[in-house]
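Colleague: So here's data.txt, just compact mmCIF, C-alpha atoms and all ligand atoms:
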```txt
# COMPACT_ATOMS: atom_id res chain seq x y z
CA MET A 1 -6.42 15.79 -11.21
CA GLU A 2 -7.71 13.01 -8.98
CA HIS A 3 -6.46 13.14 -5.43
CA PRO A 4 -5.24 10.10 -3.54
CA PRO A 5 -7.73 8.85 -0.97
CA GLU A 6 -7.66 10.59 2.38
CA ILE A 7 -6.70 7.42 4.24
CA LEU A 8 -3.13 7.63 2.98
CA PRO A 9 -0.55 7.99 5.72
CA VAL A 10 1.87 10.90 5.58
CA THR A 11 4.59 9.02 3.78
CA GLY A 12 4.65 6.10 1.40
CA ALA A 13 7.61 4.65 3.28
CA TRP A 14 5.26 2.55 5.36
CA GLN A 15 4.25 0.35 2.47
CA PRO A 16 6.61 -2.64 2.27
CA THR A 17 7.18 -4.07 -1.20
CA ASP A 18 8.23 -7.22 0.60
CA PRO A 19 5.35 -8.11 2.91
CA ALA A 20 6.71 -11.63 3.35
CA GLY A 21 9.69 -10.14 5.16
CA HIS A 22 12.56 -11.36 3.01
CA ARG A 23 14.52 -8.19 3.53
CA GLN A 24 17.61 -8.21 5.69
CA PHE A 25 19.25 -5.17 7.21
CA ALA A 26 22.91 -4.24 7.57
CA ALA A 27 24.05 -1.72 10.18
CA LEU A 28 26.98 0.07 8.55
CA GLY A 29 28.07 2.56 11.19
CA SER A 30 28.42 6.30 10.64
CA MET A 31 29.35 7.93 7.36
CA ASP A 32 31.02 11.23 6.55
CA LEU A 33 29.52 12.27 3.26
CA GLU A 34 31.22 13.62 0.17
CA ALA A 35 29.43 16.99 0.33
CA GLY A 36 30.35 17.50 4.00
CA GLY A 37 27.33 16.15 5.85
CA ARG A 38 27.35 13.23 8.25
CA LEU A 39 25.02 10.33 8.92
CA PRO A 40 25.70 8.98 12.41
CA VAL A 41 23.81 5.77 11.67
CA VAL A 42 23.62 4.11 8.26
CA ARG A 43 21.50 1.09 7.51
CA LEU A 44 20.93 -0.63 4.20
CA ALA A 45 18.05 -3.01 3.53
CA PHE A 46 18.93 -5.74 1.06
CA GLU A 47 17.76 -9.04 -0.34
CA THR A 48 19.71 -11.97 -1.72
CA TRP A 49 18.94 -14.87 -4.04
CA GLY A 50 20.95 -18.02 -4.69
CA GLU A 51 23.94 -19.28 -2.75
CA LEU A 52 27.43 -17.86 -2.40
CA ASN A 53 29.79 -20.60 -3.61
CA ALA A 54 32.74 -21.95 -1.65
CA ASP A 55 35.34 -19.70 -3.25
CA LYS A 56 32.97 -16.68 -3.13
CA SER A 57 33.37 -16.02 -6.83
CA ASN A 58 29.74 -15.98 -7.98
CA ALA A 59 28.32 -12.80 -6.40
CA ILE A 60 26.45 -10.26 -8.52
CA LEU A 61 25.33 -6.86 -7.24
CA ILE A 62 22.19 -5.33 -8.75
CA ASP A 63 21.53 -1.62 -8.27
CA HIS A 64 17.93 -0.47 -8.75
CA ALA A 65 16.64 2.70 -10.41
CA LEU A 66 15.14 5.84 -8.84
CA THR A 67 11.96 4.43 -7.37
CA GLY A 68 12.95 0.77 -7.28
CA ASP A 69 13.92 -1.22 -4.24
CA SER A 70 15.68 -4.38 -3.13
CA HIS A 71 12.83 -6.53 -4.38
CA VAL A 72 14.25 -7.38 -7.79
CA VAL A 73 12.61 -10.81 -7.88
CA GLY A 74 9.23 -11.79 -6.48
CA LYS A 75 9.16 -14.29 -3.65
CA ALA A 76 6.44 -16.50 -2.28
CA GLY A 77 5.14 -15.59 1.14
CA PRO A 78 2.21 -16.96 3.14
CA GLY A 79 -0.64 -17.00 0.63
CA HIS A 80 0.90 -14.72 -1.96
CA ILE A 81 3.78 -14.02 -4.31
CA THR A 82 5.15 -10.49 -4.35
CA ALA A 83 6.19 -9.02 -7.70
CA GLY A 84 9.79 -8.06 -8.30
CA TRP A 85 10.79 -5.26 -10.67
CA TRP A 86 13.05 -7.47 -12.84
CA ASN A 87 11.13 -10.73 -12.43
CA GLU A 88 11.72 -11.85 -15.99
CA VAL A 89 15.44 -11.09 -16.08
CA VAL A 90 16.58 -12.41 -12.70
CA GLY A 91 15.64 -15.84 -11.31
CA PRO A 92 16.24 -19.57 -11.69
CA GLY A 93 17.16 -20.34 -15.31
CA LEU A 94 16.84 -16.68 -16.36
CA ALA A 95 19.51 -14.33 -17.71
CA ILE A 96 20.83 -13.56 -14.24
CA ASP A 97 20.43 -17.14 -13.15
CA THR A 98 19.98 -17.42 -9.40
CA ASP A 99 20.76 -21.15 -9.63
CA LYS A 100 24.26 -20.07 -10.63
CA TRP A 101 24.82 -16.61 -9.21
CA PHE A 102 24.48 -15.22 -5.70
CA VAL A 103 22.52 -12.03 -6.30
CA VAL A 104 22.54 -9.13 -3.83
CA CYS A 105 20.21 -6.15 -4.26
CA PRO A 106 20.29 -3.34 -1.68
CA ASN A 107 17.76 -0.54 -1.32
CA VAL A 108 19.72 2.60 -2.18
CA LEU A 109 21.01 4.86 0.59
CA GLY A 110 18.46 7.69 0.81
CA GLY A 111 15.63 5.38 -0.26
CA CYS A 112 12.42 4.54 1.56
CA GLN A 113 12.28 0.76 1.55
CA GLY A 114 14.30 0.02 4.66
CA SER A 115 17.55 1.91 4.04
CA THR A 116 18.48 5.11 5.86
CA GLY A 117 16.69 8.04 4.26
CA PRO A 118 14.88 11.27 5.12
CA ALA A 119 12.04 9.34 6.78
CA SER A 120 14.49 7.61 9.14
CA LEU A 121 14.91 8.87 12.66
CA ALA A 122 17.72 11.33 13.32
CA PRO A 123 19.58 11.23 16.67
CA ASN A 124 16.94 13.45 18.29
CA GLY A 125 14.32 10.78 17.62
CA ARG A 126 12.49 12.68 14.89
CA ALA A 127 12.52 12.07 11.15
CA TRP A 128 15.49 13.66 9.40
CA GLY A 129 13.21 15.53 6.98
CA SER A 130 14.79 18.79 5.82
CA ARG A 131 17.92 18.05 7.89
CA PHE A 132 18.80 15.02 5.82
CA PRO A 133 22.24 15.78 4.38
CA LEU A 134 23.00 16.00 0.66
CA LEU A 135 23.87 12.54 -0.62
CA THR A 136 25.90 11.85 -3.73
CA ILE A 137 26.03 8.77 -5.91
CA ARG A 138 29.51 8.19 -4.42
CA ASP A 139 28.08 8.11 -0.90
CA GLN A 140 25.55 5.53 -2.03
CA VAL A 141 28.33 3.38 -3.48
CA GLU A 142 30.37 3.79 -0.31
CA ALA A 143 27.47 2.35 1.70
CA GLU A 144 27.20 -0.56 -0.76
CA LYS A 145 30.95 -1.20 -0.47
CA ARG A 146 30.52 -1.50 3.28
CA LEU A 147 27.66 -3.91 2.73
CA MET A 148 29.91 -6.01 0.49
CA THR A 149 32.53 -6.14 3.24
CA GLN A 150 29.98 -7.02 5.88
CA LEU A 151 28.62 -9.85 3.74
CA GLY A 152 32.14 -11.23 3.39
CA ILE A 153 32.11 -10.90 -0.40
CA PRO A 154 35.68 -10.27 -1.61
CA HIS A 155 34.81 -9.62 -5.25
CA TRP A 156 31.76 -9.15 -7.47
CA PHE A 157 31.59 -11.28 -10.57
CA ALA A 158 29.43 -8.45 -11.93
CA VAL A 159 27.86 -5.18 -10.91
CA VAL A 160 24.62 -4.45 -12.77
CA GLY A 161 22.41 -1.38 -12.61
CA ALA A 162 19.94 0.66 -14.60
CA SER A 163 19.26 4.40 -14.74
CA LEU A 164 20.11 5.82 -11.26
CA GLY A 165 21.31 2.28 -10.50
CA GLY A 166 23.49 2.43 -13.60
CA GLN A 167 25.03 5.63 -12.28
CA ARG A 168 25.99 3.76 -9.11
CA THR A 169 27.28 0.88 -11.22
CA LEU A 170 29.65 3.20 -13.09
CA GLU A 171 30.75 4.89 -9.89
CA TRP A 172 31.52 1.43 -8.48
CA ALA A 173 33.63 0.54 -11.52
CA VAL A 174 35.61 3.77 -11.35
CA THR A 175 36.06 3.91 -7.56
CA TYR A 176 36.77 0.23 -7.01
CA PRO A 177 38.13 -1.00 -10.35
CA GLU A 178 39.57 -4.18 -8.86
CA ASP A 179 36.34 -5.24 -7.20
CA MET A 180 34.58 -6.75 -10.21
CA ASP A 181 35.07 -8.72 -13.42
CA LYS A 182 32.12 -7.27 -15.34
CA VAL A 183 29.99 -4.17 -15.31
CA ILE A 184 26.57 -3.84 -16.91
CA ALA A 185 25.41 -0.23 -17.12
CA VAL A 186 21.85 -0.08 -18.43
CA ALA A 187 20.14 3.07 -19.77
CA THR A 188 22.56 5.38 -18.04
CA GLY A 189 25.52 7.71 -18.55
CA ALA A 190 28.86 8.83 -17.15
CA SER A 191 27.47 12.09 -15.83
CA THR A 192 24.08 13.74 -15.58
CA THR A 193 23.42 15.79 -18.70
CA ALA A 194 22.13 19.36 -18.58
CA GLU A 195 18.78 18.16 -19.88
CA GLN A 196 18.46 15.45 -17.22
CA ALA A 197 19.37 18.06 -14.62
CA ALA A 198 16.68 20.36 -16.04
CA TRP A 199 14.00 17.68 -15.63
CA CYS A 200 15.19 17.02 -12.06
CA HIS A 201 15.18 20.74 -11.30
CA ALA A 202 11.52 21.23 -12.21
CA GLN A 203 10.53 18.15 -10.20
CA LEU A 204 12.34 19.39 -7.11
CA HIS A 205 10.56 22.75 -7.37
CA ILE A 206 7.19 21.08 -7.69
CA LEU A 207 7.80 19.08 -4.52
CA GLU A 208 8.78 22.24 -2.64
CA LEU A 209 5.63 24.02 -3.84
CA ASP A 210 3.33 21.47 -2.23
CA SER A 211 2.26 23.20 0.98
CA ASN A 212 2.19 19.81 2.72
CA PHE A 213 5.89 19.27 1.97
CA LYS A 214 7.04 21.94 4.45
CA GLY A 215 10.60 21.95 3.17
CA GLY A 216 10.71 18.20 3.87
CA ASP A 217 9.44 18.34 7.47
CA TYR A 218 6.05 16.79 6.89
CA TYR A 219 6.48 13.54 8.79
CA ASP A 220 4.37 14.82 11.68
CA ASN A 221 1.54 16.00 9.42
CA PRO A 222 -1.84 14.45 10.21
CA PRO A 223 -2.60 11.26 8.23
CA GLY A 224 -3.79 12.05 4.72
CA GLN A 225 -1.93 15.36 4.56
CA GLY A 226 1.33 14.27 2.98
CA PRO A 227 2.84 16.00 -0.06
CA TYR A 228 1.07 13.67 -2.47
CA ARG A 229 0.20 16.24 -5.09
CA GLY A 230 3.78 17.46 -5.40
CA LEU A 231 5.13 13.94 -5.57
CA ALA A 232 2.50 12.84 -8.08
CA LEU A 233 3.16 15.85 -10.31
CA ALA A 234 6.92 15.29 -10.15
CA ARG A 235 6.29 11.70 -11.21
CA GLU A 236 4.09 12.86 -14.10
CA ILE A 237 6.95 14.92 -15.47
CA ALA A 238 9.39 12.08 -14.90
CA HIS A 239 7.08 9.46 -16.36
CA THR A 240 6.71 11.48 -19.57
CA THR A 241 10.50 11.41 -19.91
CA TYR A 242 10.46 7.63 -19.30
CA ARG A 243 8.31 6.98 -22.38
CA SER A 244 8.77 7.88 -26.04
CA PRO A 245 6.72 10.49 -27.93
CA LYS A 246 5.94 7.92 -30.62
CA GLU A 247 4.59 5.43 -28.09
CA LEU A 248 2.45 8.07 -26.40
CA GLN A 249 1.07 9.16 -29.76
CA GLU A 250 0.32 5.63 -30.93
CA ARG A 251 -1.20 4.51 -27.63
CA PHE A 252 -3.22 7.58 -26.79
CA GLY A 253 -3.25 10.04 -29.69
CA ARG A 254 -6.08 12.44 -28.95
CA ASP A 255 -8.34 9.83 -27.38
CA PRO A 256 -10.46 11.09 -24.49
CA GLY A 257 -10.09 9.54 -21.07
CA TYR A 258 -12.58 6.84 -20.07
CA ARG A 259 -16.03 8.46 -19.93
CA GLU A 260 -14.39 11.90 -20.18
CA ASP A 261 -15.05 14.71 -22.63
CA PRO A 262 -12.06 17.03 -23.04
CA LEU A 263 -14.36 19.77 -24.37
CA SER A 264 -16.32 19.68 -21.09
CA GLY A 265 -13.35 19.82 -18.75
CA GLY A 266 -12.49 16.12 -19.03
CA ARG A 267 -9.02 14.77 -19.68
CA LEU A 268 -7.39 13.22 -22.66
CA ALA A 269 -6.43 9.58 -22.14
CA VAL A 270 -2.77 10.55 -21.89
CA GLN A 271 -3.59 12.95 -19.06
CA SER A 272 -5.49 10.24 -17.26
CA TYR A 273 -2.55 7.87 -17.78
CA LEU A 274 -0.09 10.33 -16.23
CA ASP A 275 -2.42 11.07 -13.32
CA TYR A 276 -2.68 7.35 -12.72
CA HIS A 277 1.08 6.87 -12.59
CA GLY A 278 1.55 9.99 -10.44
CA ILE A 279 -0.98 8.80 -7.87
CA LYS A 280 0.39 5.26 -7.96
CA LEU A 281 3.84 6.52 -6.98
CA ALA A 282 2.47 8.89 -4.33
CA LYS A 283 0.84 5.88 -2.69
CA ARG A 284 4.02 3.89 -2.46
CA PHE A 285 6.96 6.29 -2.23
CA ASP A 286 8.26 8.87 0.20
CA ALA A 287 8.53 12.43 -1.11
CA GLY A 288 11.61 13.08 1.04
CA SER A 289 13.39 10.13 -0.55
CA TYR A 290 12.30 11.28 -3.99
CA LYS A 291 13.97 14.61 -3.28
CA ALA A 292 17.13 13.05 -1.82
CA LEU A 293 17.54 10.63 -4.73
CA THR A 294 16.78 13.26 -7.36
CA ARG A 295 19.41 15.52 -5.79
CA ALA A 296 21.87 12.61 -5.73
CA MET A 297 21.21 12.11 -9.43
CA LEU A 298 22.10 15.77 -10.02
CA THR A 299 25.53 15.14 -8.44
CA HIS A 300 26.39 12.26 -10.77
CA ASP A 301 29.69 12.78 -12.57
CA VAL A 302 32.26 9.99 -12.52
CA GLY A 303 34.86 12.56 -13.59
CA ARG A 304 34.47 14.90 -10.59
CA GLY A 305 37.84 15.41 -8.90
CA ARG A 306 39.40 12.80 -11.18
CA GLY A 307 40.41 14.92 -14.16
CA GLY A 308 37.16 14.49 -16.05
CA ILE A 309 35.09 11.67 -17.49
CA VAL A 310 37.67 10.44 -19.99
CA VAL A 311 40.34 9.95 -17.33
CA ALA A 312 37.88 8.48 -14.83
CA MET A 313 36.45 5.94 -17.27
CA SER A 314 39.96 4.84 -18.25
CA ARG A 315 40.36 3.52 -14.67
CA ILE A 316 37.78 0.82 -15.25
CA GLN A 317 39.39 -2.62 -15.32
CA ALA A 318 36.25 -4.70 -15.69
CA GLU A 319 34.75 -5.63 -19.01
CA LEU A 320 31.87 -3.20 -19.50
CA LEU A 321 28.58 -3.68 -21.27
CA ALA A 322 26.65 -0.47 -21.90
CA LEU A 323 23.07 -1.39 -22.72
CA GLY A 324 20.82 1.36 -24.08
CA VAL A 325 17.33 1.73 -25.55
CA ASP A 326 16.99 3.37 -28.97
CA SER A 327 13.90 5.43 -28.07
CA ASP A 328 15.22 6.58 -24.66
CA ARG A 329 14.84 10.36 -24.54
CA LEU A 330 16.21 10.70 -21.01
CA PHE A 331 19.44 8.73 -21.34
CA TYR A 332 20.19 9.04 -25.04
CA PRO A 333 21.83 6.13 -26.88
CA ASN A 334 24.87 8.37 -27.50
CA GLN A 335 25.55 8.16 -23.75
CA THR A 336 25.55 4.37 -24.10
CA HIS A 337 28.05 4.55 -26.96
CA GLN A 338 30.20 7.00 -25.03
CA LEU A 339 30.50 4.57 -22.11
CA ALA A 340 31.62 1.76 -24.42
CA GLU A 341 34.15 4.02 -26.15
CA LEU A 342 35.66 5.34 -22.93
CA ALA A 343 35.92 2.08 -20.98
CA PRO A 344 39.12 0.22 -21.90
CA LYS A 345 37.13 -3.00 -22.42
CA GLY A 346 33.75 -1.59 -23.42
CA HIS A 347 30.91 -2.90 -25.57
CA ALA A 348 27.66 -1.16 -26.48
CA VAL A 349 24.32 -2.73 -27.32
CA VAL A 350 21.32 -0.54 -28.07
CA ILE A 351 18.08 -2.48 -28.16
CA HIS A 352 14.92 -1.46 -29.96
CA SER A 353 11.88 -0.49 -27.95
CA GLU A 354 8.93 1.80 -28.56
CA SER A 355 8.74 2.47 -24.83
CA GLY A 356 11.66 4.83 -24.26
CA HIS A 357 13.69 4.74 -21.06
CA ASP A 358 11.26 2.30 -19.41
CA GLY A 359 12.23 -0.15 -22.17
CA PHE A 360 14.75 -1.64 -19.75
CA LEU A 361 11.80 -2.73 -17.57
CA ILE A 362 9.61 -3.83 -20.47
CA GLU A 363 11.76 -5.51 -23.16
CA ASN A 364 12.63 -8.36 -20.85
CA ASP A 365 13.38 -10.93 -23.55
CA GLU A 366 15.91 -8.76 -25.33
CA VAL A 367 17.38 -7.27 -22.17
CA GLY A 368 17.73 -10.78 -20.75
CA GLN A 369 19.35 -12.17 -23.89
CA VAL A 370 21.95 -9.39 -24.04
CA ILE A 371 22.75 -9.58 -20.33
CA GLY A 372 22.82 -13.38 -20.27
CA ALA A 373 25.16 -13.56 -23.26
CA PHE A 374 27.52 -11.01 -21.70
CA LEU A 375 27.61 -12.73 -18.32
CA ASN A 376 28.31 -16.09 -19.93
CA SER A 377 30.84 -14.85 -22.49
C1 LIG B 401 14.14 -0.36 -12.15
C2 LIG B 401 13.21 -0.03 -11.07
O1 LIG B 401 13.56 -0.15 -10.00
S1 LIG B 401 11.70 0.59 -11.39
C3 LIG B 401 10.73 0.32 -9.98
C4 LIG B 401 9.40 -0.22 -10.32
N1 LIG B 401 8.95 0.37 -11.51
C5 LIG B 401 8.44 1.59 -11.51
O2 LIG B 401 8.24 2.24 -10.55
C6 LIG B 401 8.13 2.12 -12.80
C7 LIG B 401 6.71 2.59 -12.84
N2 LIG B 401 5.97 1.80 -13.73
C8 LIG B 401 6.17 1.90 -15.00
O3 LIG B 401 6.90 2.76 -15.43
C9 LIG B 401 5.50 0.92 -15.87
O4 LIG B 401 4.30 0.50 -15.29
C10 LIG B 401 6.35 -0.31 -16.17
C11 LIG B 401 7.63 0.15 -16.82
C12 LIG B 401 6.71 -1.11 -14.92
C13 LIG B 401 5.55 -1.20 -17.08
O5 LIG B 401 5.19 -0.49 -18.24
P1 LIG B 401 3.92 -0.87 -19.08
O6 LIG B 401 3.71 -2.33 -19.01
O7 LIG B 401 4.05 -0.23 -20.41
O8 LIG B 401 2.77 -0.21 -18.23
P2 LIG B 401 2.07 1.21 -18.48
O9 LIG B 401 3.01 2.32 -18.41
O10 LIG B 401 1.21 1.12 -19.68
O11 LIG B 401 1.14 1.30 -17.20
C14 LIG B 401 0.10 0.39 -17.01
C15 LIG B 401 -0.88 0.93 -15.99
O12 LIG B 401 -1.42 2.18 -16.48
C16 LIG B 401 -2.84 2.10 -16.46
N3 LIG B 401 -3.33 2.90 -17.58
C17 LIG B 401 -3.09 2.71 -18.89
N4 LIG B 401 -3.75 3.65 -19.61
C18 LIG B 401 -4.38 4.44 -18.74
C19 LIG B 401 -5.22 5.60 -18.89
N5 LIG B 401 -5.51 6.13 -20.08
N6 LIG B 401 -5.70 6.17 -17.76
C20 LIG B 401 -5.39 5.65 -16.54
N7 LIG B 401 -4.62 4.56 -16.35
C21 LIG B 401 -4.13 3.98 -17.44
C22 LIG B 401 -3.15 0.64 -16.63
O13 LIG B 401 -4.43 0.34 -16.13
C23 LIG B 401 -2.04 -0.03 -15.82
O14 LIG B 401 -2.39 -0.04 -14.46
P3 LIG B 401 -1.66 -1.09 -13.44
O15 LIG B 401 -0.20 -0.72 -13.43
O16 LIG B 401 -2.30 -0.84 -12.13
O17 LIG B 401 -1.90 -2.46 -13.99
N1 LIG B 402 10.52 3.62 -13.88
C1 LIG B 402 11.84 3.75 -13.37
C2 LIG B 402 12.45 4.79 -14.20
C3 LIG B 402 13.67 5.45 -13.68
O1 LIG B 402 14.73 4.80 -14.25
C4 LIG B 402 11.81 4.11 -11.90
O2 LIG B 402 10.79 4.63 -11.47
O3 LIG B 402 12.72 3.85 -11.15
```
For the structure just supplied, provide its representation as structure tokens.
Ligand SMILES: CC(=O)SCCNC(=O)CCNC(=O)[C@H](O)C(C)(C)COP(=O)(O)OP(=O)(O)OC[C@H]1O[C@@H](n2cnc3c(N)ncnc32)[C@H](O)[C@@H]1OP(=O)(O)O
Ligand SMILES: N[C@@H](CCO)C(=O)O
Modeller:
Amino acid sequence: MEHPPEILPVTGAWQPTDPAGHRQFAALGSMDLEAGGRLPVVRLAFETWGELNADKSNAILIDHALTGDSHVVGKAGPGHITAGWWNEVVGPGLAIDTDKWFVVCPNVLGGCQGSTGPASLAPNGRAWGSRFPLLTIRDQVEAEKRLMTQLGIPHWFAVVGASLGGQRTLEWAVTYPEDMDKVIAVATGASTTAEQAAWCHAQLHILELDSNFKGGDYYDNPPGQGPYRGLALAREIAHTTYRSPKELQERFGRDPGYREDPLSGGRLAVQSYLDYHGIKLAKRFDAGSYKALTRAMLTHDVGRGRGGIVVAMSRIQAELLALGVDSDRLFYPNQTHQLAELAPKGHAVVIHSESGHDGFLIENDEVGQVIGAFLNS
């Protein structure tokens, strides 16, 4: 496997996805966490688009996926335009029309793009690292609820999220059923399945096995000695689950990598592809956050302490759209149908894509059409 260049700093958290500085920051006080830990200082980074109307009825919350961030739409800065992760779904005249809606997208609690996470400084002035407490999806929603209050938003017209963001979306709808009119839960489920947990488990072990990870206390490592290999390998596993077997076969088959001969120690093209995506993530993401968010994903169960999923989902008052991808082998379409069946006002749409779970980031036309129609219905 290729190694990232030696000039990399210890953590990817340094690399802003928003170099033009559009992010804002909310100080949200201290938080006692569901699993018993405590964060004495909680901060969320967030971005907004559009204008909140006079009666404050047009706000939409968007929750990003595992390695996403607040930068859902690109913005022009001095001499450049930064790319957003849902550029073709959110924006003026698009499905989530920022000429009409006031869109808020926070970086998740535990993340590495400005919100409090393992790379943040603990009270003793050093990075939290291994001391960062176990976060749950509910804690992440609690932080977002505080952000809503601080922004003076009394009600969301809609809460929208995909994958890990969809898990937060569902937790929002169950915990605060009166806070929204509509919920859009994309490529997600009511609780983490055993198979999803199994994929997370192997990734967590791989991170721990990187000798540069040091249990999470690597923030003082010399530059270039971060846990890149562990993070990249975890991403390779995850990325395989984000794509469909059919797509991988049709795109790569048994093709060799560029100028590589598999019979002389070279890689197949699919190996090169995974290495590329692993390294790409290692360059931009913090391994500590990857661990914290993966562990949060393992905690996801809207039914915990509420009498199970069926009872919990029955609390939802908002109209719910569950949007799935037919080739998703991480969040199966049957999870999408289950959400629509269990929510009192639920609808399911499963779109076609060859790309698996990542279809929600790729099939922008169809995703946009379905979301736009639901928001405007
Ligand atoms: C909701 C969120 O918040 S997600 C946050 C942002 N998104 C992510 O982190 C997801 C990571 N990225 C991805 O999963 C994908 O790139 C997506 C979903 C964004 C787009 O998918 P696709 O358009 O199908 O891109 P694909 O998976 O083919 O990757 C393309 C890249 O792989 C590279 N690539 C393709 N084949 C090979 C190969 N055989 N060897 C090496 N590299 C390869 C391409 O050169 C391209 O590089 P680039 O990204 O620097 O342009
Ligand atoms: N590509 C997405 C997939 C997880 O939903 C991400 O990295 O966040």
Colleague: Using all atoms listed in the file, determine which residues fall within 6 Å of ligand LIG 401 (chain B), then list them as a list in words.
Modeller: His64, Ala65, Thr67, Gly68, Asp69, Trp85, Gly257, Ala269, Val270, Ser272, Tyr273, Tyr276, Asp358, Leu361 and Ile362 of chain A
Colleague: At what distance in Å, to one decimal, does atom CA of A:Ala348 lie from atom CA of A:Arg251?
Modeller: 29.4 Å
Colleague: What's the 10 Å shell around A:Leu268, counting all atoms listed in the file, without same-chain residues fewer than 4 positions away, as an MDAnalysis selection string?
Modeller: chainID A and resid 252:258 260:263 272:273
Colleague: Work out how far atom CA of A:Glu341 is from atom CA of A:Ala312, in Å to one decimal.
Modeller: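 Result for atom CA of A:Ala312 versus atom CA of A:Glu341: 12.7 Å, one decimal.
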Colleague: Can you pull out every residue within 7 Å of A:Pro106, counting all atoms listed in the file, but drop anything in the same chain fewer than 5 positions away, and send it as an MDAnalysis selection string?
Modeller: chainID A and resid 44:47 63 70
Colleague: Would you please work out which residue, of A:Asp181, A:Asp328, A:Glu34, A:Asp365, is nearest to ligand LIG 402 (chain B) when using only C-alpha atoms and all ligand atoms?
Modeller: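 Ranked by minimum distance to ligand LIG 402 (chain B), first place goes to A:Asp328.
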Colleague: Let me make sure I understand: among A:Glu236, A:Asp32, A:Glu88, A:Glu178, which one has the smallest atom-to-atom distance to A:Ile316 if we use only C-alpha atoms?
Modeller: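 That would be A:Glu178, the residue with the smallest distance to A:Ile316.
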Colleague: Pick out the residues sitting within 8 Å of A:Glu247, and hand them over as a list in words; count only C-alpha atoms, and ignore anything fewer than 4 positions along from it in its own chain.
Modeller: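 The neighbour list is Arg243, Arg251, Glu354 and Ser355 of chain A.
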Colleague: Residues within 12 Å of (11.7, 20.7, -11.5), file coordinates, counting only C-alpha atoms: what are they? Give the list as a ChimeraX atom specification.
Modeller: /A:195-209,230-231,233-238,291,294-295,298
Colleague: From the options A:Ser115, A:Thr48, A:Gln167, A:Ser191, which residue's atoms come nearest to A:Gly308, counting only C-alpha atoms?
Modeller: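 Smallest separation from A:Gly308 among the options: A:Ser191.
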Colleague: At what distance in Å, to one decimal, does atom CA of A:Asn107 lie from atom CA of A:Val367?
Modeller: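 Computed distance, atom CA of A:Val367 to atom CA of A:Asn107, equals 21.9 Å.
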Colleague: Which residues are close to A:Leu121, i.e. within 12 Å by all atoms listed in the file, leaving aside same-chain residues fewer than 5 positions away? Reply as a list in words.
Modeller: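 So the residues in contact are Leu39, Pro40, Val41, Val42, Arg43, Gly114, Ser115, Thr116, Arg126, Ala127, Trp128, Gly129, Arg131, Phe132 and Tyr219 of chain A.
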Colleague: May I have the residues within 12 Å of A:Val325 as a PyMOL selection string, using only C-alpha atoms and disregarding those fewer than 4 positions away in the same chain?
Modeller: chain A and resi 162-163+185-188+242-244+329-337+348-363+366-367
Colleague: Measuring between only C-alpha atoms, which one of A:Leu33, A:Val141, A:Ile60, A:Val302 shows the shortest distance to A:Ile184?
Modeller: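 Checking each of A:Leu33, A:Val141, A:Ile60, A:Val302 against A:Ile184, counting only C-alpha atoms, the winner is A:Ile60.
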Colleague: With all atoms listed in the file as the atoms that count, which of A:His155, A:Arg315, A:Lys283, A:His239 lies nearest to ligand LIG 402 (chain B)?
Modeller: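 Checking each candidate against ligand LIG 402 (chain B), we get A:His239 as the closest.
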